[in-house]
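Before any comments, here is the structure.
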Amino acid sequence: MNAHEIVNSDRFKNLVRKRWTFSYIMLAILFVVYFGYLFLISLDKEQMIHLVTPNITLGIALFVAVIVIAWVLTIIYVLWANSSYDKEVEELKKMLK
């Protein structure tokens, strides 16, 4: 098979669709978390200054949660790519040879 045939194949198109779908879902989750955090701050600033521990406010705790969620989403994407996406890409590359 040549590159043109692979790019036009249903298998390749499904792979690209799967990657974009997964990426958009992860992006949507990140946007909801991040803009949800900003919305909470703008909605009730007084609530954000309440102390969770003697030195940490609710706003800071939620900010750390946003960062941790971003890392978790990145890890999920990498695990998905390594276990599913990359294997299919390698199979398609082998078809070129």
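Naming scheme: A, B, ... for chains in displayed order of the structure tokens; residues 1 onward per chain; ligands 1 onward as shown.
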Within 12 Å of A:Ile69, counting only C-alpha atoms, which residues show up once you throw out same-chain ones fewer than 5 positions away? Write them as a compact mmCIF listing (two decimals) with N, CA and C atoms, in the first residue's frame, please.
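Written output follows (part-v5.txt):
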```txt
# COMPACT_ATOMS: atom_id res chain seq x y z
N MET A 26 -11.24 15.64 26.23
CA MET A 26 -10.29 16.04 27.27
C MET A 26 -10.21 17.57 27.36
N LEU A 27 -10.22 18.24 26.23
CA LEU A 27 -10.20 19.70 26.21
C LEU A 27 -11.46 20.28 26.85
N ILE A 29 -13.33 18.89 29.14
CA ILE A 29 -13.24 18.69 30.59
C ILE A 29 -12.33 19.74 31.21
N LEU A 30 -11.19 19.99 30.59
CA LEU A 30 -10.27 20.99 31.12
C LEU A 30 -10.89 22.38 31.11
N PHE A 31 -11.59 22.74 30.04
CA PHE A 31 -12.24 24.05 29.98
C PHE A 31 -13.30 24.19 31.06
N VAL A 32 -14.10 23.15 31.27
CA VAL A 32 -15.14 23.20 32.31
C VAL A 32 -14.50 23.40 33.68
N VAL A 33 -13.42 22.66 33.94
CA VAL A 33 -12.75 22.79 35.24
C VAL A 33 -12.16 24.19 35.40
N TYR A 34 -11.42 24.65 34.40
CA TYR A 34 -10.74 25.94 34.51
C TYR A 34 -11.73 27.10 34.56
N TYR A 37 -13.73 27.17 37.71
CA TYR A 37 -12.96 27.79 38.79
C TYR A 37 -13.06 29.32 38.69
N LEU A 62 -8.73 25.18 45.54
CA LEU A 62 -9.35 24.89 44.25
C LEU A 62 -8.38 25.12 43.10
N PHE A 63 -7.52 26.12 43.21
CA PHE A 63 -6.51 26.37 42.18
C PHE A 63 -5.57 25.17 42.06
N VAL A 64 -5.13 24.65 43.19
CA VAL A 64 -4.27 23.46 43.18
C VAL A 64 -5.02 22.29 42.55
N THR A 74 -3.66 15.00 31.41
CA THR A 74 -2.49 14.76 30.57
C THR A 74 -2.04 13.31 30.68
N ILE A 75 -2.02 12.79 31.90
CA ILE A 75 -1.63 11.39 32.11
C ILE A 75 -2.61 10.45 31.42
N ILE A 76 -3.90 10.75 31.53
CA ILE A 76 -4.91 9.91 30.87
C ILE A 76 -4.69 9.92 29.35
```
Among chain A, which ones does DSSP assign to alpha helix (DSSP H) (computed from the backbone)? Answer as a PyMOL selection string.
chain A and resi 3-7+10-43+45-48+58-80+86-96
Which residues come within 10 Å of A:Ile49, counting only C-alpha atoms, excluding same-chain residues fewer than 6 positions away, as a PyMOL selection string?
chain A and resi 41+56-60
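Our summary of the geometry notes that atom CA of A:Glu91 is positioned 13.7 Å from atom CA of A:Asn2.
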I need the residues in chain A that are strand (DSSP E) according to DSSP; give them as a list of chain:residue names.
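So the strand (DSSP E) residues in chain A would be A:Leu51, A:Val52, A:Thr53, A:Ile56, A:Thr57.
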Which residue gives the smallest distance to A:Gly36 among A:Val72, A:Val66, A:Val89, A:Glu5, with only C-alpha atoms counted?
A:Val66
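Within 9 Å of stretch 19-24 of chain A there are A:Asn14, A:Leu15, A:Ala28, A:Ile29, A:Tyr77, A:Ala81, A:Tyr85, counting only C-alpha atoms and ignoring same-chain residues fewer than 4 positions away.
The interatomic distance for the pair atom CA of A:Met1 and atom CA of A:Asp86 works out to 19.5 Å.
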Which of A:Leu96, A:Asp44, A:Val52, A:Lys18 sits closest to A:Trp80 [using only C-alpha atoms]
A:Lys18
Just give me the gap between atom CA of A:His4 and atom CA of A:Lys93 in Å, one decimal is fine.
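Separation of atom CA of A:His4 and atom CA of A:Lys93: 12.4 Å.
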